[in-house]
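Visitor: Enclosed is the structure file target_28.cif (mmCIF, C-alpha atoms).
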data_upload
#
loop_
_atom_site.label_atom_id
_atom_site.label_comp_id
_atom_site.auth_asym_id
_atom_site.auth_seq_id
_atom_site.Cartn_x
_atom_site.Cartn_y
_atom_site.Cartn_z
CA MET A 457 255.59 127.17 151.20
CA PRO A 458 254.79 128.12 147.69
CA ALA A 459 251.44 129.82 147.05
CA PHE A 460 250.27 126.98 144.79
CA ALA A 461 250.77 124.43 147.57
CA ARG A 462 248.86 126.54 150.06
CA LEU A 463 245.90 126.73 147.63
CA LEU A 464 245.78 122.95 147.28
CA LEU A 465 245.66 122.52 151.07
CA LEU A 466 242.86 125.08 151.39
CA CYS A 467 240.45 123.49 148.78
CA PRO A 468 239.42 120.44 150.88
CA PHE A 469 238.48 122.70 153.82
CA LEU A 470 236.37 124.89 151.53
CA ALA A 471 234.61 121.82 150.10
CA LEU A 472 233.81 120.51 153.59
CA ALA A 473 232.44 123.87 154.64
CA GLY A 474 230.12 123.92 151.56
CA CYS A 475 228.78 120.42 152.22
CA GLY A 476 227.68 121.41 155.67
CA GLU A 477 225.05 123.93 154.40
CA ALA A 478 221.39 122.70 154.39
CA PRO A 479 219.54 122.90 150.94
CA LYS A 480 216.66 125.36 150.58
CA GLN A 481 213.11 123.75 150.11
CA SER A 482 210.45 125.39 147.78
CA ALA A 483 207.01 126.13 149.29
CA ALA A 484 204.06 123.78 148.24
CA PRO A 485 201.51 125.38 145.83
CA PRO A 486 198.10 126.26 147.31
CA PRO A 487 195.10 124.01 146.52
CA PRO A 488 193.35 124.97 143.25
CA VAL A 489 190.24 127.14 143.61
CA VAL A 490 187.04 125.55 142.31
CA THR A 491 183.37 126.47 142.49
CA VAL A 492 180.95 123.88 143.83
CA ALA A 493 177.17 123.68 143.95
CA LYS A 494 174.55 121.11 144.82
CA PRO A 495 172.48 119.53 142.01
CA ALA A 496 169.22 121.23 141.16
CA GLN A 497 166.06 119.26 141.90
CA ARG A 498 163.08 119.34 139.54
CA THR A 499 160.07 117.29 138.62
CA ILE A 500 160.43 116.35 134.97
CA VAL A 501 159.05 113.96 132.37
CA ASP A 502 161.36 112.09 130.01
CA GLN A 503 160.81 113.01 126.39
CA ASP A 504 161.24 110.82 123.31
CA GLU A 505 161.96 112.47 119.98
CA TYR A 506 160.85 111.24 116.57
CA VAL A 507 161.01 112.53 113.00
CA GLY A 508 157.70 112.73 111.18
CA ARG A 509 156.02 114.13 108.11
CA PHE A 510 152.93 116.34 107.93
CA VAL A 511 149.82 114.95 106.27
CA ALA A 512 146.53 116.68 105.58
CA VAL A 513 143.47 115.72 107.60
CA ASP A 514 141.41 115.77 104.38
CA MET A 515 142.58 115.46 100.78
CA VAL A 516 140.21 115.42 97.81
CA GLU A 517 140.83 114.90 94.11
CA VAL A 518 138.47 117.12 92.13
CA ARG A 519 137.03 115.14 89.22
CA ALA A 520 134.04 115.84 87.00
CA ARG A 521 130.87 113.76 87.39
CA VAL A 522 129.70 114.56 83.87
CA SER A 523 131.59 114.74 80.60
CA GLY A 524 131.80 117.95 78.62
CA TYR A 525 133.94 120.88 77.59
CA LEU A 526 135.57 122.85 80.39
CA GLU A 527 134.12 126.34 80.11
CA LYS A 528 135.65 128.30 83.02
CA VAL A 529 138.20 127.99 85.84
CA HIS A 530 137.22 130.11 88.85
CA PHE A 531 140.36 130.03 91.05
CA ARG A 532 144.04 130.93 91.08
CA ASP A 533 146.54 128.11 91.34
CA GLY A 534 147.52 127.55 94.99
CA GLN A 535 144.66 129.67 96.32
CA THR A 536 143.10 129.12 99.75
CA ILE A 537 139.46 128.19 99.23
CA LYS A 538 136.38 127.57 101.35
CA GLN A 539 133.95 124.71 101.16
CA GLY A 540 131.32 125.43 98.50
CA ASP A 541 133.43 127.82 96.41
CA LEU A 542 132.93 127.43 92.63
CA LEU A 543 136.04 125.89 91.06
CA PHE A 544 135.18 124.76 87.50
CA SER A 545 132.27 125.21 85.09
CA ILE A 546 131.44 122.73 82.33
CA ASP A 547 129.36 123.75 79.29
CA LYS A 548 125.76 123.54 80.54
CA ARG A 549 123.85 123.69 77.26
CA PRO A 550 123.62 119.94 76.50
CA PHE A 551 122.49 119.27 80.06
CA GLN A 552 119.94 122.08 79.98
CA ASN A 553 118.47 120.52 76.84
CA ALA A 554 118.40 117.10 78.46
CA PHE A 555 116.70 118.56 81.52
CA ALA A 556 114.07 120.31 79.40
CA GLN A 557 113.41 117.11 77.45
CA ALA A 558 113.05 115.11 80.69
CA LYS A 559 110.52 117.61 82.01
CA ALA A 560 108.54 117.43 78.73
CA ASN A 561 108.47 113.65 78.87
CA LEU A 562 107.24 113.86 82.47
CA ALA A 563 104.43 116.22 81.42
CA LEU A 564 103.47 113.79 78.64
CA ALA A 565 103.42 110.90 81.08
CA LYS A 566 101.23 112.82 83.52
CA SER A 567 98.84 113.69 80.69
CA ASN A 568 98.63 110.01 79.79
CA VAL A 569 97.85 109.18 83.40
CA THR A 570 94.95 111.64 83.37
CA PHE A 571 93.49 110.01 80.25
CA THR A 572 93.97 106.43 81.45
CA GLU A 573 92.46 107.22 84.86
CA ALA A 574 89.31 108.62 83.18
CA ASP A 575 89.16 105.65 80.79
CA TYR A 576 89.59 103.25 83.71
CA ALA A 577 86.75 104.96 85.63
CA ARG A 578 84.41 104.62 82.60
CA ALA A 579 85.40 100.96 82.23
CA GLN A 580 84.38 100.28 85.80
CA GLN A 581 80.86 101.63 85.14
CA LEU A 582 80.57 99.79 81.81
CA LEU A 583 81.61 96.55 83.47
CA ARG A 584 78.87 96.92 86.05
CA ASP A 585 76.40 97.50 83.20
CA ARG A 586 77.75 94.43 81.40
CA THR A 587 78.52 96.63 78.38
CA ILE A 588 82.20 95.59 78.05
CA SER A 589 83.93 92.35 78.70
CA GLU A 590 86.26 91.73 81.62
CA GLN A 591 89.18 91.46 79.18
CA VAL A 592 88.65 95.02 77.94
CA PHE A 593 88.33 96.19 81.55
CA ASP A 594 91.64 94.50 82.45
CA GLN A 595 93.34 96.13 79.46
CA ARG A 596 92.22 99.60 80.55
CA ALA A 597 93.30 98.94 84.17
CA GLN A 598 96.71 97.84 82.93
CA ALA A 599 97.03 100.93 80.75
CA ASN A 600 96.37 103.09 83.83
CA ARG A 601 99.01 101.29 85.86
CA ASN A 602 101.53 101.58 83.05
CA ALA A 603 100.85 105.31 82.76
CA GLN A 604 101.46 105.80 86.49
CA ALA A 605 104.71 103.81 86.31
CA SER A 606 105.79 105.96 83.36
CA VAL A 607 105.27 109.06 85.50
CA THR A 608 107.46 107.61 88.24
CA ALA A 609 110.19 106.73 85.73
CA ASN A 610 110.08 110.15 84.08
CA GLU A 611 110.24 111.86 87.49
CA ALA A 612 113.48 109.95 88.15
CA LEU A 613 114.82 111.02 84.75
CA VAL A 614 114.01 114.63 85.57
CA ARG A 615 115.88 114.37 88.89
CA GLN A 616 118.87 112.80 87.15
CA ALA A 617 118.91 115.48 84.45
CA GLU A 618 118.71 118.11 87.16
CA LEU A 619 121.67 116.49 88.96
CA ASP A 620 123.70 116.35 85.74
CA LEU A 621 122.98 120.04 85.19
CA GLU A 622 124.09 120.77 88.77
CA PHE A 623 127.26 118.70 88.27
CA THR A 624 128.38 121.09 85.53
CA GLU A 625 129.46 123.39 88.37
CA LEU A 626 132.26 121.81 90.42
CA ARG A 627 132.43 123.30 93.92
CA ALA A 628 135.04 122.86 96.66
CA PRO A 629 134.18 119.78 98.76
CA ILE A 630 136.34 120.96 101.67
CA SER A 631 138.08 124.10 102.88
CA GLY A 632 141.82 124.28 102.36
CA ARG A 633 144.39 125.02 99.70
CA ILE A 634 143.96 123.98 96.09
CA GLY A 635 146.85 123.00 93.85
CA ASP A 636 147.35 123.97 90.25
CA ARG A 637 144.76 123.24 87.57
CA ARG A 638 145.46 120.05 85.63
CA VAL A 639 143.21 120.97 82.69
CA THR A 640 142.84 124.35 81.01
CA GLU A 641 139.67 125.89 79.63
CA GLY A 642 138.36 124.51 76.35
CA ASN A 643 139.44 120.91 76.92
CA LEU A 644 137.06 117.98 76.95
CA VAL A 645 136.90 116.36 80.39
CA THR A 646 135.67 112.86 81.06
CA GLY A 647 133.30 112.46 83.96
CA GLY A 648 131.43 109.67 85.69
CA THR A 649 132.36 107.03 88.25
CA ALA A 650 134.80 104.96 86.19
CA GLY A 651 138.55 104.98 86.75
CA ASN A 652 139.33 106.97 83.60
CA THR A 653 137.76 110.23 84.78
CA THR A 654 139.77 113.42 84.31
CA LEU A 655 141.63 114.80 87.35
CA LEU A 656 141.08 118.56 87.46
CA ALA A 657 142.83 119.58 90.70
CA THR A 658 143.55 118.48 94.28
CA VAL A 659 142.47 120.17 97.51
CA VAL A 660 144.07 119.59 100.93
CA SER A 661 142.85 120.88 104.27
CA MET A 662 145.35 123.03 106.21
CA ASP A 663 143.96 123.66 109.68
CA PRO A 664 144.23 121.47 111.66
CA ILE A 665 147.05 119.31 110.29
CA ARG A 666 148.54 115.98 111.35
CA LEU A 667 152.09 114.72 111.80
CA GLU A 668 152.66 111.02 111.18
CA PHE A 669 155.69 109.25 112.66
CA SER A 670 156.78 105.74 113.59
CA LEU A 671 157.46 104.24 117.02
CA ASP A 672 159.92 101.40 117.39
CA GLU A 673 158.67 98.23 119.02
CA SER A 674 160.50 98.73 122.33
CA ALA A 675 159.09 102.25 122.74
CA TYR A 676 155.60 101.00 121.91
CA LEU A 677 155.87 98.26 124.56
CA ARG A 678 157.10 100.78 127.13
CA TYR A 679 154.17 103.10 126.43
CA GLU A 680 151.66 100.25 126.60
CA ARG A 681 153.02 98.96 129.91
CA LEU A 682 152.92 102.43 131.40
CA SER A 683 149.33 102.80 130.21
CA SER A 684 148.31 99.42 131.63
CA GLY A 685 149.87 100.43 134.95
CA GLY A 686 147.60 103.47 135.18
CA LYS A 687 150.27 105.93 134.01
CA ASP A 688 148.91 106.91 130.63
CA VAL A 689 151.81 108.39 128.69
CA THR A 690 150.88 108.11 125.03
CA SER A 691 147.17 107.44 124.81
CA ARG A 692 144.82 107.11 121.88
CA GLU A 693 142.26 109.43 123.46
CA ALA A 694 143.88 112.78 122.56
CA SER A 695 144.92 113.44 126.15
CA VAL A 696 148.72 113.53 125.73
CA ILE A 697 150.29 116.87 124.83
CA VAL A 698 153.32 116.72 122.50
CA GLY A 699 155.80 119.32 121.29
CA LEU A 700 157.00 120.00 117.76
CA LYS A 701 159.74 121.96 116.05
CA LEU A 702 160.57 122.55 112.39
CA ILE A 703 164.00 122.04 110.88
CA ASP A 704 164.88 125.74 111.24
CA GLU A 705 163.71 126.07 114.87
CA ARG A 706 165.63 125.48 118.09
CA ASP A 707 162.84 124.74 120.55
CA PHE A 708 159.75 122.52 120.59
CA ALA A 709 157.48 125.54 120.79
CA HIS A 710 154.43 124.16 118.96
CA ARG A 711 151.89 122.19 120.99
CA GLY A 712 149.57 119.44 119.79
CA TYR A 713 148.10 116.19 121.01
CA MET A 714 148.28 112.51 120.15
CA ASP A 715 145.15 111.31 118.35
CA PHE A 716 146.04 107.93 116.84
CA VAL A 717 148.27 104.88 117.27
CA ASP A 718 147.93 102.10 114.71
CA ASN A 719 146.80 98.58 115.58
CA VAL A 720 149.45 96.70 113.57
CA ILE A 721 153.26 96.68 113.76
CA ASP A 722 154.87 96.73 110.34
CA ARG A 723 156.64 93.43 109.74
CA ALA A 724 159.34 94.87 107.51
CA SER A 725 160.46 97.75 109.77
CA GLY A 726 159.30 96.61 113.22
CA THR A 727 157.64 99.96 113.81
CA ILE A 728 154.09 101.11 114.41
CA ARG A 729 152.51 104.23 112.96
CA ALA A 730 151.43 107.06 115.29
CA ARG A 731 149.90 110.46 114.67
CA ALA A 732 149.60 113.83 116.39
CA GLN A 733 147.39 116.77 115.48
CA PHE A 734 148.39 120.45 115.54
CA SER A 735 146.72 123.79 114.94
CA ASN A 736 147.86 125.46 111.72
CA SER A 737 146.05 128.79 111.63
CA ASP A 738 148.93 130.53 109.84
CA SER A 739 149.34 127.65 107.33
CA VAL A 740 153.09 127.35 108.01
CA PHE A 741 152.85 123.57 108.32
CA THR A 742 152.49 122.04 104.86
CA PRO A 743 151.64 118.44 103.94
CA GLY A 744 154.84 116.57 103.13
CA MET A 745 157.04 118.77 105.35
CA PHE A 746 159.41 117.10 107.86
CA ALA A 747 159.41 118.00 111.56
CA ARG A 748 160.58 116.63 114.91
CA VAL A 749 158.05 115.71 117.55
CA ARG A 750 158.69 115.23 121.27
CA VAL A 751 156.48 112.68 123.05
CA PRO A 752 156.32 112.14 126.84
CA GLY A 753 158.23 108.93 127.57
CA SER A 754 157.67 108.51 131.31
CA PRO A 755 155.50 109.66 134.20
CA ALA A 756 156.60 112.77 136.10
CA TYR A 757 159.39 112.08 138.59
CA ALA A 758 161.82 114.02 140.81
CA ALA A 759 165.22 114.34 139.14
CA LEU A 760 168.65 115.83 139.81
CA LEU A 761 170.03 118.21 137.20
CA VAL A 762 173.57 119.48 136.75
CA PRO A 763 175.13 121.82 134.17
CA ASP A 764 175.99 119.84 131.06
CA GLY A 765 179.48 121.31 131.08
CA ALA A 766 180.23 119.75 134.49
CA ILE A 767 180.11 116.24 133.01
CA LEU A 768 183.40 114.64 131.98
CA SER A 769 184.15 111.53 129.92
CA GLU A 770 186.38 108.54 130.53
CA GLN A 771 186.21 106.48 127.38
CA ALA A 772 182.58 105.32 127.25
CA ARG A 773 181.75 106.25 130.84
CA LYS A 774 180.61 109.62 132.15
CA TYR A 775 181.57 111.08 135.50
CA VAL A 776 181.52 114.23 137.60
CA LEU A 777 183.86 115.57 140.29
CA VAL A 778 182.48 116.16 143.78
CA VAL A 779 184.20 117.56 146.84
CA ASP A 780 184.00 115.49 150.03
CA GLY A 781 184.10 116.68 153.63
CA GLU A 782 187.90 116.86 153.59
CA SER A 783 187.91 119.16 150.54
CA VAL A 784 189.22 116.40 148.30
CA ALA A 785 187.92 115.99 144.74
CA ARG A 786 186.33 112.60 144.17
CA GLN A 787 185.24 110.95 140.92
CA ARG A 788 181.59 109.85 140.61
CA TYR A 789 180.40 107.80 137.66
CA VAL A 790 176.88 108.80 136.64
CA THR A 791 174.07 107.65 134.36
CA LEU A 792 172.84 110.49 132.18
CA GLY A 793 169.32 111.38 131.17
CA GLU A 794 168.09 113.96 128.71
CA LEU A 795 169.12 117.59 128.37
CA VAL A 796 166.60 120.01 129.90
CA GLU A 797 167.17 123.73 129.27
CA GLY A 798 170.95 123.39 129.28
CA GLN A 799 171.04 121.06 132.29
CA ARG A 800 171.60 117.32 132.19
CA VAL A 801 169.41 114.89 134.10
CA ILE A 802 171.40 112.51 136.33
CA LYS A 803 169.56 109.24 136.82
CA GLU A 804 172.15 107.41 138.94
CA GLY A 805 175.42 108.10 140.73
CA LEU A 806 174.72 111.44 142.43
CA ALA A 807 173.03 112.41 145.70
CA PRO A 808 171.11 115.64 146.37
CA ASP A 809 173.67 116.79 148.98
CA ASP A 810 176.78 116.19 146.88
CA ARG A 811 178.90 119.24 146.22
CA LEU A 812 179.53 119.21 142.51
CA ILE A 813 182.45 121.05 140.90
CA VAL A 814 180.92 123.34 138.28
CA ASN A 815 183.85 125.72 137.66
CA GLY A 816 187.56 124.98 137.58
CA LEU A 817 187.31 121.39 136.36
CA MET A 818 190.64 121.62 134.53
CA ARG A 819 192.40 122.59 137.75
CA ALA A 820 190.96 119.72 139.80
CA ARG A 821 192.13 116.13 139.86
CA PRO A 822 190.55 113.11 141.57
CA GLY A 823 192.16 112.58 144.98
CA VAL A 824 193.67 116.09 145.10
CA LYS A 825 192.67 118.62 147.73
CA VAL A 826 190.91 121.72 146.42
CA ASN A 827 189.80 125.07 147.74
CA ALA A 828 186.04 124.76 147.24
CA GLN A 829 183.94 127.91 147.08
CA GLU A 830 180.17 127.62 147.23
CA GLN A 831 178.16 128.95 144.32
CA ALA A 832 175.62 131.54 145.36
CA SER A 833 172.71 130.23 143.24
CA PRO A 834 171.65 126.77 142.07
CA PRO A 835 173.45 125.49 138.99
CA THR A 836 171.87 126.67 135.75
CA ALA A 837 172.77 126.60 132.11
CA ALA A 838 174.85 129.74 132.71
CA SER A 839 176.93 127.84 135.26
CA GLN A 840 178.84 126.03 132.54
CA SER A 841 182.27 127.53 133.00
CA THR A 842 184.31 128.84 130.12
CA THR A 843 187.43 128.76 132.29
CA GLN A 844 187.57 125.04 132.92
#
For the file at hand, write its structure as structure tokens.
Guide:
Amino acid sequence: MPAFARLLLLCPFLALAGCGEAPKQSAAPPPPVVTVAKPAQRTIVDQDEYVGRFVAVDMVEVRARVSGYLEKVHFRDGQTIKQGDLLFSIDKRPFQNAFAQAKANLALAKSNVTFTEADYARAQQLLRDRTISEQVFDQRAQANRNAQASVTANEALVRQAELDLEFTELRAPISGRIGDRRVTEGNLVTGGTAGNTTLLATVVSMDPIRLEFSLDESAYLRYERLSSGGKDVTSREASVIVGLKLIDERDFAHRGYMDFVDNVIDRASGTIRARAQFSNSDSVFTPGMFARVRVPGSPAYAALLVPDGAILSEQARKYVLVVDGESVARQRYVTLGELVEGQRVIKEGLAPDDRLIVNGLMRARPGVKVNAQEQASPPTAASQSTTQ
């Protein structure tokens, strides 16, 4: 038989022999390694944050009470001053003359009283002797009364002239920081109590200082209901401590207290004005400056906290992965609270004994078995894995 024919007969037998071999199966991959830990438990208070603006406790516009030429300015623009410091001097000479004239008129009136009293005493004796008529006696008595009234009037004029002379020196009504001078030396300033008086400068107090902010209507109602239930959260009696941070700060490190909540809700905005007071010994806080304030929004309660990085998103819902007793990853939808020192408060959806996956989230899938390794310490902000 030719060699080619023998090869054709041999091929079917070789094919049958190859079909009889069993295929090799690849080994299943091991379960992914993840790190699990139980939620941390802490007693916390919910905090509400608001944006506010600093306002001075006291603000005074320095205006002259008497008119005259400005003689001297006794401060530097922007200087910190104390109550009673001399700020401005107005030319005293016209007021010194007026004061001297008022005192002279008072002396004249007193001299007239002395004469009329003596004349009145003589008239009394002459009337008893029937030497003068009753009409003359009444005239001398009236002259004495008029002289005494003149003394009273001139005493008032002396006091007023003395006040006007004192008002030529304008002193700081409060302690704080003064702005720039609005009038330079040599100018005529208008004083008095009318609305056209000359503004010389403004002074604002610096320590303490207040932060004003607005509460929305729902927050106000929540605070009031908590207060009526005996859980005073934001009171008007300066008993609630609040935190504050400036725009360049990371933490609410400054401490103050609530001291005012308004009695009317603004119709246009639906908000109510509130105020907190802070110490400002270093004068960093300045009226008009913006800041964020954190106000207690609930009574203290026991809460579960997990690392913020252990929370995953599914569209609008948030969830975490926990490992059950069979080492299978399960999905748990949760309700989130605020962030506290890198940890997120879980209000609903998690139990204290749940084993939460904190590392290896990218390797775990819901319904897939995992190799769970317990974390040595409770979950902290450092537990947020960078190898998810």
Visitor: What is the CA of Val740 (chain A)-CA of Ile665 (chain A) distance in Å, reported with one decimal?
Guide: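 The value is 10.3 Å.
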Visitor: Using the chain letters and numbering of this document, enumerate as a ChimeraX atom specification the residues selected by the PyMOL selection byres ((chain A and resi 496) around 12).
Guide: /A:493-495,497-500,758-763,796,799-802,806-812,833-837,839
Visitor: Which residues fall under the PyMOL selection byres ((chain A and resi 787) around 7) in this file, as a PDB file with C-alpha atoms, in the coordinates of the input?
Guide:
ATOM      1  CA  TYR A 775     181.570 111.080 135.500  1.00  0.00           C
ATOM      2  CA  VAL A 776     181.520 114.230 137.600  1.00  0.00           C
ATOM      3  CA  LEU A 777     183.860 115.570 140.290  1.00  0.00           C
ATOM      4  CA  VAL A 778     182.480 116.160 143.780  1.00  0.00           C
ATOM      5  CA  ALA A 785     187.920 115.990 144.740  1.00  0.00           C
ATOM      6  CA  ARG A 786     186.330 112.600 144.170  1.00  0.00           C
ATOM      7  CA  ARG A 788     181.590 109.850 140.610  1.00  0.00           C
ATOM      8  CA  TYR A 789     180.400 107.800 137.660  1.00  0.00           C
ATOM      9  CA  PRO A 822     190.550 113.110 141.570  1.00  0.00           C
TER      10      PRO A 822
END
Visitor: Identify which of the residues A:Met745, A:Val516, A:Leu700, A:Leu583 lies closest to Gln539 (chain A), counting all atoms listed in the file when measuring atom-to-atom distances.
Guide: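 Selected residue with least distance to Gln539 (chain A): A:Val516.
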Visitor: By how many Å are CA of Ala565 (chain A) and CA of Asn602 (chain A) apart?
Guide: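 Going from CA of Ala565 (chain A) over to CA of Asn602 (chain A) covers 9.7 Å.
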Visitor: Would you kindly return, as a ChimeraX atom specification, each protein, DNA or RNA residue with an atom no farther than 8 Å from any atom of Arg633 (chain A), considering all atoms listed in the file and excluding same-chain residues fewer than 6 positions away?
Guide: /A:534-537,659-662
Visitor: Could you check the closest approach to His530 (chain A) for each of A:Thr640, A:Gln580, A:Thr587, A:Asn553 and tell me which residue wins, using all atoms listed in the file?
Guide: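 Between A:Thr640, A:Gln580, A:Thr587, A:Asn553, the residue approaching His530 (chain A) most closely is A:Thr640.
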Visitor: Using the chain letters and numbers from this file, what does the PyMOL selection byres ((chain A and resi 622) around 12) select? Give the answer as a PDB file with C-alpha atoms, keeping the file's coordinate frame.
Guide:
ATOM      1  CA  ALA A 520     134.040 115.840  87.000  1.00  0.00           C
ATOM      2  CA  ARG A 521     130.870 113.760  87.390  1.00  0.00           C
ATOM      3  CA  VAL A 522     129.700 114.560  83.870  1.00  0.00           C
ATOM      4  CA  LEU A 542     132.930 127.430  92.630  1.00  0.00           C
ATOM      5  CA  PHE A 544     135.180 124.760  87.500  1.00  0.00           C
ATOM      6  CA  SER A 545     132.270 125.210  85.090  1.00  0.00           C
ATOM      7  CA  ILE A 546     131.440 122.730  82.330  1.00  0.00           C
ATOM      8  CA  ASP A 547     129.360 123.750  79.290  1.00  0.00           C
ATOM      9  CA  LYS A 548     125.760 123.540  80.540  1.00  0.00           C
ATOM     10  CA  ARG A 549     123.850 123.690  77.260  1.00  0.00           C
ATOM     11  CA  PHE A 551     122.490 119.270  80.060  1.00  0.00           C
ATOM     12  CA  GLN A 552     119.940 122.080  79.980  1.00  0.00           C
ATOM     13  CA  PHE A 555     116.700 118.560  81.520  1.00  0.00           C
ATOM     14  CA  ARG A 615     115.880 114.370  88.890  1.00  0.00           C
ATOM     15  CA  GLN A 616     118.870 112.800  87.150  1.00  0.00           C
ATOM     16  CA  ALA A 617     118.910 115.480  84.450  1.00  0.00           C
ATOM     17  CA  GLU A 618     118.710 118.110  87.160  1.00  0.00           C
ATOM     18  CA  LEU A 619     121.670 116.490  88.960  1.00  0.00           C
ATOM     19  CA  ASP A 620     123.700 116.350  85.740  1.00  0.00           C
ATOM     20  CA  LEU A 621     122.980 120.040  85.190  1.00  0.00           C
ATOM     21  CA  PHE A 623     127.260 118.700  88.270  1.00  0.00           C
ATOM     22  CA  THR A 624     128.380 121.090  85.530  1.00  0.00           C
ATOM     23  CA  GLU A 625     129.460 123.390  88.370  1.00  0.00           C
ATOM     24  CA  LEU A 626     132.260 121.810  90.420  1.00  0.00           C
ATOM     25  CA  ARG A 627     132.430 123.300  93.920  1.00  0.00           C
TER      26      ARG A 627
END
Visitor: Which residues, written as a list in words, have at least one atom at most 9 Å from Asn568 (chain A), with all atoms listed in the file counted and residues fewer than 3 positions away on the same chain left out?
Guide: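 Here the answer would be Ala563, Leu564, Ala565, Phe571, Thr572, Glu573, Asn600, Ala603, Gln604, Ser606 and Val607 of chain A.
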Visitor: Place a sphere of radius 12 Å on (184.9, 120.1, 153.6) in the file coordinates and name every protein, DNA or RNA residue with an atom inside or on its surface, counting all atoms listed in the file; give the answer as a PyMOL selection string.
Guide: chain A and resi 492+778-785+810-811+825-830
Visitor: Measure the distance from CA of Leu682 (chain A) to CA of Phe510 (chain A) in Å and round it to one decimal.
Guide: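 CA of Phe510 (chain A) lies 27.3 Å from CA of Leu682 (chain A).
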Visitor: Under the rule that only C-alpha atoms are counted, which of A:Ala675, A:Leu667, A:Leu613, A:Leu543 is the nearest residue to Gly712 (chain A)?
Guide: A:Leu667
Visitor: Which one of A:Tyr676, A:Val489, A:Met515, A:Val507 sits closest to Ile703 (chain A) if you count all atoms listed in the file?
Guide: A:Val507
Visitor: For each of A:Ala772, A:Val518, A:Ala747, A:Ala612, take the minimum atom-to-atom distance to Ile634 (chain A), counting all atoms listed in the file, then give the residue where this is smallest.
Guide: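 For Ile634 (chain A), the nearest of the given residues is A:Val518.
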Visitor: For Ala820 (chain A), which residue among A:Ala577, A:Pro488, A:Thr653, A:Arg532 is the nearest when counting all atoms listed in the file?
Guide: A:Pro488
Visitor: Could the centre and edge lengths of an axis-aligned box, enclosing all atoms of region 720-728 of chain A in the file with 5 Å extra on each side, be given in Å to one decimal as JSON?
Guide:
{"center_x": 155.0, "center_y": 97.3, "center_z": 111.0, "size_x": 21.0, "size_y": 17.7, "size_z": 16.9}
Visitor: Can you tell me which residues surround region 753-755 of chain A at a distance of at most 6 Å, considering all atoms listed in the file, apart from same-chain residues fewer than 5 positions away, and format the answer as a list in words?
Guide: Val501, Asp502, Gln503 and Asp504 of chain A
